[in-house]
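Printed here is my_file05.pdb (PDB, C-alpha atoms and all ligand atoms):
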```
ATOM      1  CA  GLN H   1     -15.839  -6.777  26.528
ATOM      2  CA  SER H   2     -18.781  -4.613  25.556
ATOM      3  CA  GLN H   3     -18.393  -2.398  22.506
ATOM      4  CA  PHE H   4     -21.363  -0.365  23.681
ATOM      5  CA  SER H   5     -22.202   1.961  26.519
ATOM      6  CA  CYS H   6     -24.487   1.138  29.434
ATOM      7  CA  ASP H   7     -27.379   2.311  27.255
ATOM      8  CA  HIS H   8     -27.053  -1.176  25.946
ATOM      9  CA  GLN H   9     -27.154  -2.937  29.265
ATOM     10  CA  CYS H  10     -23.352  -3.051  29.563
ATOM     11  CA  LYS H  11     -23.299  -6.269  27.575
ATOM     12  CA  ALA H  12     -21.592  -7.230  24.331
ATOM     13  CA  PRO H  13     -23.945  -7.561  21.329
ATOM     14  CA  ASP H  14     -23.777 -11.389  21.446
ATOM     15  CA  GLN H  15     -25.182 -11.300  24.969
ATOM     16  CA  TRP H  16     -28.201  -9.074  24.250
ATOM     17  CA  ASN H  17     -30.401 -11.943  23.124
ATOM     18  CA  GLN H  18     -33.990 -12.750  24.071
ATOM     19  CA  ALA H  19     -34.022 -10.643  27.206
ATOM     20  CA  ASN H  20     -33.640  -7.529  25.082
ATOM     21  CA  GLY H  21     -36.770  -6.950  23.018
ATOM     22  CA  ASP H  22     -36.360  -8.630  19.620
ATOM     23  CA  CYS H  23     -32.557  -9.074  19.851
ATOM     24  CA  GLY H  24     -32.916 -12.868  19.852
ATOM     25  CA  GLY H  25     -35.354 -12.842  16.917
ATOM     26  CA  ASN H  26     -35.082 -14.387  13.459
ATOM     27  CA  TYR H  27     -35.064 -11.212  11.364
ATOM     28  CA  GLN H  28     -32.126  -9.339  12.814
ATOM     29  CA  SER H  29     -29.706  -6.777  11.363
ATOM     30  CA  PRO H  30     -27.035  -6.229  10.203
ATOM     31  CA  ILE H  31     -26.337  -9.047   7.727
ATOM     32  CA  ASN H  32     -23.637 -10.062   5.287
ATOM     33  CA  ILE H  33     -24.986  -9.609   1.748
ATOM     34  CA  VAL H  34     -23.858 -12.406  -0.555
ATOM     35  CA  THR H  35     -24.264 -10.615  -3.881
ATOM     36  CA  LYS H  36     -24.583 -13.754  -6.008
ATOM     37  CA  LYS H  37     -27.496 -14.922  -3.868
ATOM     38  CA  THR H  38     -29.427 -11.655  -4.153
ATOM     39  CA  VAL H  39     -32.527 -11.631  -6.336
ATOM     40  CA  LYS H  40     -33.139  -8.917  -8.889
ATOM     41  CA  ASP H  41     -36.443  -7.146  -8.259
ATOM     42  CA  GLU H  42     -37.796  -4.886 -11.017
ATOM     43  CA  ARG H  43     -39.984  -3.101  -8.468
ATOM     44  CA  LEU H  44     -36.880  -1.581  -6.851
ATOM     45  CA  THR H  45     -36.979   1.539  -9.005
ATOM     46  CA  ALA H  46     -35.069   4.769  -8.317
ATOM     47  CA  PHE H  47     -35.793   6.700  -5.133
ATOM     48  CA  GLN H  48     -37.246  10.191  -5.099
ATOM     49  CA  PHE H  49     -35.397  12.314  -2.552
ATOM     50  CA  HIS H  50     -37.683  15.235  -1.674
ATOM     51  CA  ASN H  51     -36.035  18.166   0.112
ATOM     52  CA  TYR H  52     -32.780  16.301   0.604
ATOM     53  CA  GLN H  53     -31.081  19.532  -0.562
ATOM     54  CA  GLN H  54     -32.805  21.502   2.203
ATOM     55  CA  LEU H  55     -30.252  23.197   4.463
ATOM     56  CA  PHE H  56     -30.868  22.896   8.197
ATOM     57  CA  ARG H  57     -28.950  23.789  11.348
ATOM     58  CA  GLY H  58     -28.759  20.644  13.432
ATOM     59  CA  THR H  59     -27.122  19.658  16.687
ATOM     60  CA  ILE H  60     -24.607  16.832  16.667
ATOM     61  CA  LYS H  61     -24.490  14.787  19.852
ATOM     62  CA  ASN H  62     -22.514  11.972  21.396
ATOM     63  CA  ASN H  63     -25.334   9.700  22.642
ATOM     64  CA  GLY H  64     -23.012   7.220  24.353
ATOM     65  CA  HIS H  65     -22.894   4.718  21.485
ATOM     66  CA  SER H  66     -22.687   6.877  18.337
ATOM     67  CA  VAL H  67     -22.885  10.410  17.029
ATOM     68  CA  GLN H  68     -26.355  11.437  16.011
ATOM     69  CA  VAL H  69     -27.957  14.426  14.329
ATOM     70  CA  ASP H  70     -31.737  14.820  14.561
ATOM     71  CA  VAL H  71     -33.173  16.283  11.385
ATOM     72  CA  PRO H  72     -36.320  18.344  10.864
ATOM     73  CA  HIS H  73     -39.052  16.176   9.325
ATOM     74  CA  LEU H  74     -38.795  17.885   5.954
ATOM     75  CA  SER H  75     -36.810  15.452   3.860
ATOM     76  CA  ILE H  76     -38.973  12.691   2.420
ATOM     77  CA  ILE H  77     -38.143   9.572   0.426
ATOM     78  CA  SER H  78     -40.461   7.647  -1.870
ATOM     79  CA  GLY H  79     -40.048   5.205  -4.746
ATOM     80  CA  GLY H  80     -37.241   2.680  -4.347
ATOM     81  CA  GLY H  81     -39.855  -0.075  -4.018
ATOM     82  CA  LEU H  82     -41.118   1.379  -0.722
ATOM     83  CA  THR H  83     -44.834   0.932  -0.098
ATOM     84  CA  SER H  84     -45.190   4.385   1.483
ATOM     85  CA  SER H  85     -43.279   7.633   1.680
ATOM     86  CA  TYR H  86     -41.040   8.034   4.714
ATOM     87  CA  LYS H  87     -39.663  11.167   6.376
ATOM     88  CA  ALA H  88     -36.140  11.506   7.728
ATOM     89  CA  VAL H  89     -35.835  11.550  11.535
ATOM     90  CA  GLN H  90     -32.117  11.403  12.301
ATOM     91  CA  PHE H  91     -28.793  10.152  11.029
ATOM     92  CA  HIS H  92     -25.906   8.468  12.838
ATOM     93  CA  LEU H  93     -22.805   6.451  12.015
ATOM     94  CA  HIS H  94     -21.081   3.179  12.862
ATOM     95  CA  TRP H  95     -17.280   2.930  12.627
ATOM     96  CA  GLY H  96     -14.178   0.945  13.512
ATOM     97  CA  LYS H  97     -10.876   1.920  15.108
ATOM     98  CA  ASP H  98      -8.756   4.592  13.442
ATOM     99  CA  GLY H  99     -10.383   4.061  10.038
ATOM    100  CA  GLY H 100     -10.178   0.234  10.190
ATOM    101  CA  PRO H 101     -13.196  -2.019   9.443
ATOM    102  CA  GLY H 102     -16.330  -0.558  11.006
ATOM    103  CA  SER H 103     -19.482  -0.959   8.901
ATOM    104  CA  GLU H 104     -22.397  -2.996  10.234
ATOM    105  CA  HIS H 105     -23.484  -4.594   6.962
ATOM    106  CA  THR H 106     -20.849  -6.393   4.933
ATOM    107  CA  ILE H 107     -20.869  -7.163   1.206
ATOM    108  CA  ASP H 108     -19.459 -10.576   0.272
ATOM    109  CA  GLY H 109     -17.677 -10.534   3.616
ATOM    110  CA  GLU H 110     -16.110  -7.126   3.077
ATOM    111  CA  GLN H 111     -16.478  -4.724   6.002
ATOM    112  CA  TYR H 112     -16.201  -1.043   5.043
ATOM    113  CA  PRO H 113     -14.610   1.575   7.336
ATOM    114  CA  MET H 114     -17.896   3.256   8.270
ATOM    115  CA  GLU H 115     -21.653   3.128   7.633
ATOM    116  CA  LEU H 116     -24.152   5.991   7.645
ATOM    117  CA  HIS H 117     -27.750   5.298   8.703
ATOM    118  CA  ILE H 118     -30.395   7.831   7.752
ATOM    119  CA  VAL H 119     -33.413   6.719   9.799
ATOM    120  CA  HIS H 120     -36.871   7.447   8.332
ATOM    121  CA  MET H 121     -40.393   6.673   9.526
ATOM    122  CA  LYS H 122     -43.618   6.372   7.534
ATOM    123  CA  HIS H 123     -44.728   9.910   6.783
ATOM    124  CA  HIS H 124     -47.923   9.834   8.862
ATOM    125  CA  TYR H 125     -46.219   8.940  12.158
ATOM    126  CA  THR H 126     -44.993  11.643  14.505
ATOM    127  CA  ASP H 127     -42.569   9.620  16.622
ATOM    128  CA  LEU H 128     -40.237   6.694  16.105
ATOM    129  CA  ALA H 129     -41.721   4.633  18.961
ATOM    130  CA  THR H 130     -45.107   4.527  17.198
ATOM    131  CA  ALA H 131     -43.480   3.779  13.841
ATOM    132  CA  LEU H 132     -41.601   0.839  15.390
ATOM    133  CA  ALA H 133     -44.911  -0.840  16.245
ATOM    134  CA  ASP H 134     -45.608  -1.095  12.480
ATOM    135  CA  PRO H 135     -43.670  -3.997  10.859
ATOM    136  CA  GLU H 136     -42.682  -1.664   7.988
ATOM    137  CA  GLY H 137     -42.805   1.552   9.994
ATOM    138  CA  VAL H 138     -39.124   2.433   9.706
ATOM    139  CA  ALA H 139     -36.904   2.685   6.615
ATOM    140  CA  VAL H 140     -33.164   3.057   7.124
ATOM    141  CA  LEU H 141     -30.966   4.124   4.218
ATOM    142  CA  GLY H 142     -27.440   2.767   4.697
ATOM    143  CA  PHE H 143     -24.348   4.131   2.954
ATOM    144  CA  PHE H 144     -20.816   2.741   3.036
ATOM    145  CA  TYR H 145     -17.583   4.748   3.085
ATOM    146  CA  GLN H 146     -14.313   4.195   1.319
ATOM    147  CA  HIS H 147     -10.837   5.625   1.893
ATOM    148  CA  SER H 148      -9.899   8.458  -0.434
ATOM    149  CA  ASN H 149      -6.685  10.463  -0.777
ATOM    150  CA  ASN H 150      -8.575  13.743  -0.492
ATOM    151  CA  ARG H 151     -10.567  15.217   2.334
ATOM    152  CA  ASN H 152     -14.297  15.263   1.571
ATOM    153  CA  GLN H 153     -15.133  18.962   2.082
ATOM    154  CA  LYS H 154     -18.823  18.173   2.529
ATOM    155  CA  TYR H 155     -17.983  16.274   5.735
ATOM    156  CA  GLU H 156     -15.809  18.976   7.298
ATOM    157  CA  PRO H 157     -18.657  20.442   9.428
ATOM    158  CA  ILE H 158     -19.239  17.042  11.049
ATOM    159  CA  VAL H 159     -15.577  16.048  11.373
ATOM    160  CA  THR H 160     -14.694  19.439  12.892
ATOM    161  CA  ALA H 161     -17.504  19.174  15.466
ATOM    162  CA  LEU H 162     -16.284  15.794  16.771
ATOM    163  CA  SER H 163     -13.515  17.331  18.870
ATOM    164  CA  SER H 164     -16.113  19.216  20.921
ATOM    165  CA  ILE H 165     -18.385  16.227  21.620
ATOM    166  CA  LYS H 166     -15.812  13.679  22.823
ATOM    167  CA  ALA H 167     -17.728  12.913  26.028
ATOM    168  CA  THR H 168     -21.138  11.215  26.275
ATOM    169  CA  ASN H 169     -23.979  13.759  26.097
ATOM    170  CA  GLY H 170     -21.627  16.308  24.515
ATOM    171  CA  ASN H 171     -23.360  18.305  21.816
ATOM    172  CA  SER H 172     -22.468  21.033  19.394
ATOM    173  CA  SER H 173     -24.470  23.049  16.885
ATOM    174  CA  LEU H 174     -23.566  22.477  13.270
ATOM    175  CA  PRO H 175     -23.401  25.049  10.507
ATOM    176  CA  SER H 176     -26.081  24.582   7.814
ATOM    177  CA  ILE H 177     -25.869  21.182   6.162
ATOM    178  CA  SER H 178     -28.163  19.125   3.941
ATOM    179  CA  LEU H 179     -28.715  15.367   3.814
ATOM    180  CA  ALA H 180     -27.830  15.498   0.104
ATOM    181  CA  GLN H 181     -24.274  16.606   0.861
ATOM    182  CA  LEU H 182     -23.661  13.485   2.966
ATOM    183  CA  ILE H 183     -24.508  10.936   0.258
ATOM    184  CA  PRO H 184     -23.407  10.218  -3.327
ATOM    185  CA  PRO H 185     -25.086  12.146  -6.170
ATOM    186  CA  GLU H 186     -28.604  10.900  -6.936
ATOM    187  CA  LYS H 187     -27.570   9.451 -10.291
ATOM    188  CA  ASN H 188     -25.318   7.000  -8.411
ATOM    189  CA  LEU H 189     -28.088   5.783  -6.115
ATOM    190  CA  THR H 190     -30.009   3.466  -8.446
ATOM    191  CA  SER H 191     -28.008   0.376  -7.362
ATOM    192  CA  PHE H 192     -29.052  -0.882  -3.951
ATOM    193  CA  TYR H 193     -29.909  -3.923  -1.844
ATOM    194  CA  ARG H 194     -33.175  -4.416   0.055
ATOM    195  CA  TYR H 195     -34.221  -6.722   2.871
ATOM    196  CA  LYS H 196     -36.445  -6.782   5.968
ATOM    197  CA  GLY H 197     -34.635  -6.610   9.300
ATOM    198  CA  SER H 198     -34.296  -4.841  12.615
ATOM    199  CA  LEU H 199     -32.697  -1.996  14.492
ATOM    200  CA  THR H 200     -29.067  -2.941  15.154
ATOM    201  CA  THR H 201     -29.207  -1.820  18.796
ATOM    202  CA  PRO H 202     -31.616  -2.860  21.585
ATOM    203  CA  LYS H 203     -34.448  -3.395  21.496
ATOM    204  CA  CYS H 204     -33.516  -4.650  17.999
ATOM    205  CA  THR H 205     -37.133  -4.115  16.852
ATOM    206  CA  GLU H 206     -37.952  -6.046  13.665
ATOM    207  CA  SER H 207     -39.716  -3.153  11.923
ATOM    208  CA  VAL H 208     -37.061  -1.941   9.512
ATOM    209  CA  VAL H 209     -37.070  -1.925   5.711
ATOM    210  CA  TRP H 210     -33.331  -1.793   4.960
ATOM    211  CA  THR H 211     -31.728  -0.243   1.878
ATOM    212  CA  LEU H 212     -27.959  -0.455   1.375
ATOM    213  CA  PHE H 213     -26.564   1.585  -1.488
ATOM    214  CA  GLU H 214     -23.702   0.184  -3.532
ATOM    215  CA  SER H 215     -22.017   3.531  -4.243
ATOM    216  CA  PRO H 216     -19.718   4.498  -1.334
ATOM    217  CA  VAL H 217     -18.968   7.940   0.139
ATOM    218  CA  PRO H 218     -15.256   8.907  -0.037
ATOM    219  CA  LEU H 219     -13.522  10.145   3.148
ATOM    220  CA  SER H 220      -9.818  10.666   3.837
ATOM    221  CA  ALA H 221      -7.966   8.542   6.386
ATOM    222  CA  ASP H 222      -7.743  11.558   8.732
ATOM    223  CA  GLN H 223     -11.481  12.176   8.494
ATOM    224  CA  LEU H 224     -12.262   8.516   9.235
ATOM    225  CA  ARG H 225      -9.770   8.451  12.120
ATOM    226  CA  ALA H 226     -11.383  11.520  13.703
ATOM    227  CA  PHE H 227     -14.354   9.426  14.878
ATOM    228  CA  SER H 228     -12.057   7.373  17.123
ATOM    229  CA  GLN H 229     -11.450  10.395  19.384
ATOM    230  CA  LEU H 230     -14.971  10.045  20.822
ATOM    231  CA  LYS H 231     -15.475   8.296  24.170
ATOM    232  CA  PHE H 232     -18.101   5.879  25.463
ATOM    233  CA  HIS H 233     -19.898   6.652  28.722
ATOM    234  CA  ASP H 234     -17.177   4.919  30.741
ATOM    235  CA  GLY H 235     -14.386   6.857  29.044
ATOM    236  CA  ARG H 236     -13.188   4.059  26.762
ATOM    237  CA  PRO H 237     -12.536   5.064  23.128
ATOM    238  CA  MET H 238     -15.735   4.857  21.088
ATOM    239  CA  VAL H 239     -14.489   2.427  18.451
ATOM    240  CA  GLY H 240     -16.016  -0.700  16.926
ATOM    241  CA  THR H 241     -19.560   0.658  17.186
ATOM    242  CA  PHE H 242     -20.990  -2.046  14.968
ATOM    243  CA  ARG H 243     -23.103  -5.093  15.773
ATOM    244  CA  PRO H 244     -21.743  -8.330  14.253
ATOM    245  CA  VAL H 245     -23.652  -9.714  11.263
ATOM    246  CA  GLN H 246     -26.712 -11.806  12.097
ATOM    247  CA  PRO H 247     -28.091 -14.993  10.479
ATOM    248  CA  LEU H 248     -30.352 -14.537   7.458
ATOM    249  CA  ASN H 249     -32.655 -17.388   8.564
ATOM    250  CA  GLY H 250     -34.023 -17.895   5.073
ATOM    251  CA  ARG H 251     -34.611 -14.239   4.279
ATOM    252  CA  GLN H 252     -34.275 -13.118   0.685
ATOM    253  CA  VAL H 253     -32.101 -10.118  -0.174
ATOM    254  CA  PHE H 254     -33.154  -8.230  -3.307
ATOM    255  CA  HIS H 255     -31.190  -5.947  -5.595
ATOM    256  CA  SER H 256     -32.418  -3.134  -7.783
ATOM    257  CA  GLY H 257     -32.509  -3.488 -11.542
ATOM    258  CA  ALA H 258     -29.616  -1.088 -12.127
TER     259      ALA H 258
HETATM  260  O1  LIG D   1     -28.309   2.300  16.527
HETATM  261  C1  LIG D   1     -29.447   3.048  16.183
HETATM  262  C2  LIG D   1     -30.023   3.697  17.440
HETATM  263  O2  LIG D   1     -29.114   4.624  17.957
HETATM  264  C3  LIG D   1     -31.311   4.400  17.111
HETATM  265  O3  LIG D   1     -30.990   5.452  16.232
HETATM  266  C4  LIG D   1     -32.237   3.436  16.420
HETATM  267  C5  LIG D   1     -33.490   4.115  15.940
HETATM  268  O4  LIG D   1     -34.265   4.497  17.032
HETATM  269  O5  LIG D   1     -31.636   2.878  15.281
HETATM  270  C6  LIG D   1     -30.481   2.159  15.519
HETATM  271  S1  LIG D   1     -29.998   1.584  13.907
HETATM  272  O6  LIG D   1     -30.697   0.317  13.658
HETATM  273  O7  LIG D   1     -30.325   2.596  12.911
HETATM  274  N1  LIG D   1     -28.465   1.301  13.906
HETATM  275 ZN    ZN D   2     -27.357   2.518  12.898
END
```

Using structure tokens, write down the structure that the file contains.
Amino acid sequence: QSQFSCDHQCKAPDQWNQANGDCGGNYQSPINIVTKKTVKDERLTAFQFHNYQQLFRGTIKNNGHSVQVDVPHLSIISGGGLTSSYKAVQFHLHWGKDGGPGSEHTIDGEQYPMELHIVHMKHHYTDLATALADPEGVAVLGFFYQHSNNRNQKYEPIVTALSSIKATNGNSSLPSISLAQLIPPEKNLTSFYRYKGSLTTPKCTESVVWTLFESPVPLSADQLRAFSQLKFHDGRPMVGTFRPVQPLNGRQVFHSGA
């Protein structure tokens, strides 16, 4: 049975395949990262996060397969071995059922309860569609979550808003938040993995430079469970919003020096 809404052709991820853009391609995401097979790359230096502290008032929406917040194009990343600077476009999440396994990428076979994707495009593009035509046009920063005994106060604005966007196309304005408050402190972001892959939803375009940070974001069990109250287009619970891991097909995964 499909984990996704009819945005994704009402088919399970394993049935997307060739008919759907690049979904049958050789450089697909997500992947399982086998840490002992990753290659250390000295060029993967620390990122510079410009304006990640900037507060903005976004709208959180249920887009039928995830929750997404579009962000003003003010926050910029550079460094981190990227060949250009990239500006943030939106962020969204992938999760499991009631706080169970739900990340898209896995590390040595371990699936985390949730994964945050902050989607960026090369700074000179004005829309994602144009950026996706460039083989390195999009950079997604991925962050894993881990269960914690305490509520993460920095996530309360998002968790609170979920109850008002249960239905597809539901949206709600958020109080001021920053991208920085959603991720670990910068000093913990020097350890990361890098590989070339794709969007994880159709058309699975192979234009994404992926970064997965080792340091997880803590959330309480209640906060993680709150995402399971959302509904897909057809009213089913929006759970298991991850694509299964895809073959590496000879790709190399790199890790930063730290
Ligand atoms: O699943 C998202 C999709 O919703 C959209 O945000 C797309 C970018 O246009 O990215 C994929 S993902 O590869 O970041 N999961
Ligand atoms: Zn995603």

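Distance-wise, CA of Gln48 (chain H) and CA of Ser75 (chain H) end up 10.4 Å apart.
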
I need the residue set behind the PyMOL selection byres (((not hetatm)) within 8 of (chain D and resi 1)) for this file; please write it as a ChimeraX atom specification. /H:29,63,65-66,68,90-94,117-119,128-129,140,198-202,204,208

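Nearest residue to Asn188 (chain H), choosing from H:Ser215, H:Thr205, H:Ser148, H:Asn32 and counting only C-alpha atoms: H:Ser215.
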
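In this model, the gap between CA of Ala167 (chain H) and CA of Asp70 (chain H) comes to 18.2 Å.
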
Nearest residue to Gly99 (chain H) out of H:Thr130, H:Asn171, H:Gln229, H:Asn249, using all atoms listed in the file? H:Gln229

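Between CA of Asp234 (chain H) and CA of Gly102 (chain H) the interatomic distance comes to 20.5 Å.
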
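Taking only C-alpha atoms into account, those protein, DNA and RNA residues with any atom at most 10 Å away from (-28.7, 17.5, -0.7) amount to Phe49, His50, Asn51, Tyr52, Gln53, Gln54, Leu55, Ser75, Ile177, Ser178, Leu179, Ala180, Gln181, Leu182, Ile183, Pro184, Pro185 and Glu186 of chain H.
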
Enumerate, as a PyMOL selection string, the residues matched when the PyMOL selection byres (((chain H and resi 195) around 6) and not hetatm) is run on the file above. chain H and resi 194+196+210+253

Residues matched by the PyMOL selection byres (((chain H and resi 111) around 12) and not hetatm) as a ChimeraX atom specification: /H:30-33,94-96,99-110,112-115,144-146,240,242-245

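Residue nearest Ala131 (chain H), chosen from H:Glu214, H:Glu206, H:Glu42, H:Asp22 and counting all atoms listed in the file: H:Glu206.
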
Nearest-residue call for ligand ZN 2 (chain D), choices H:Leu212, H:Val39, H:Ile77, H:Ile165, using only C-alpha atoms and all ligand atoms: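 Result for the nearest residue to ligand ZN 2 (chain D): H:Leu212.
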
Calculated over only C-alpha atoms and all ligand atoms, which of the candidates H:Gly142, H:Gly81, H:Gly21, H:Pro216 has the smallest distance to ligand ZN 2 (chain D)?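 For ligand ZN 2 (chain D), the nearest of the candidates is H:Gly142.
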
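The closest residue to Phe143 (chain H), picked from H:Thr211, H:Thr168, H:Thr190, H:Thr83 and counting all atoms listed in the file, is H:Thr211.
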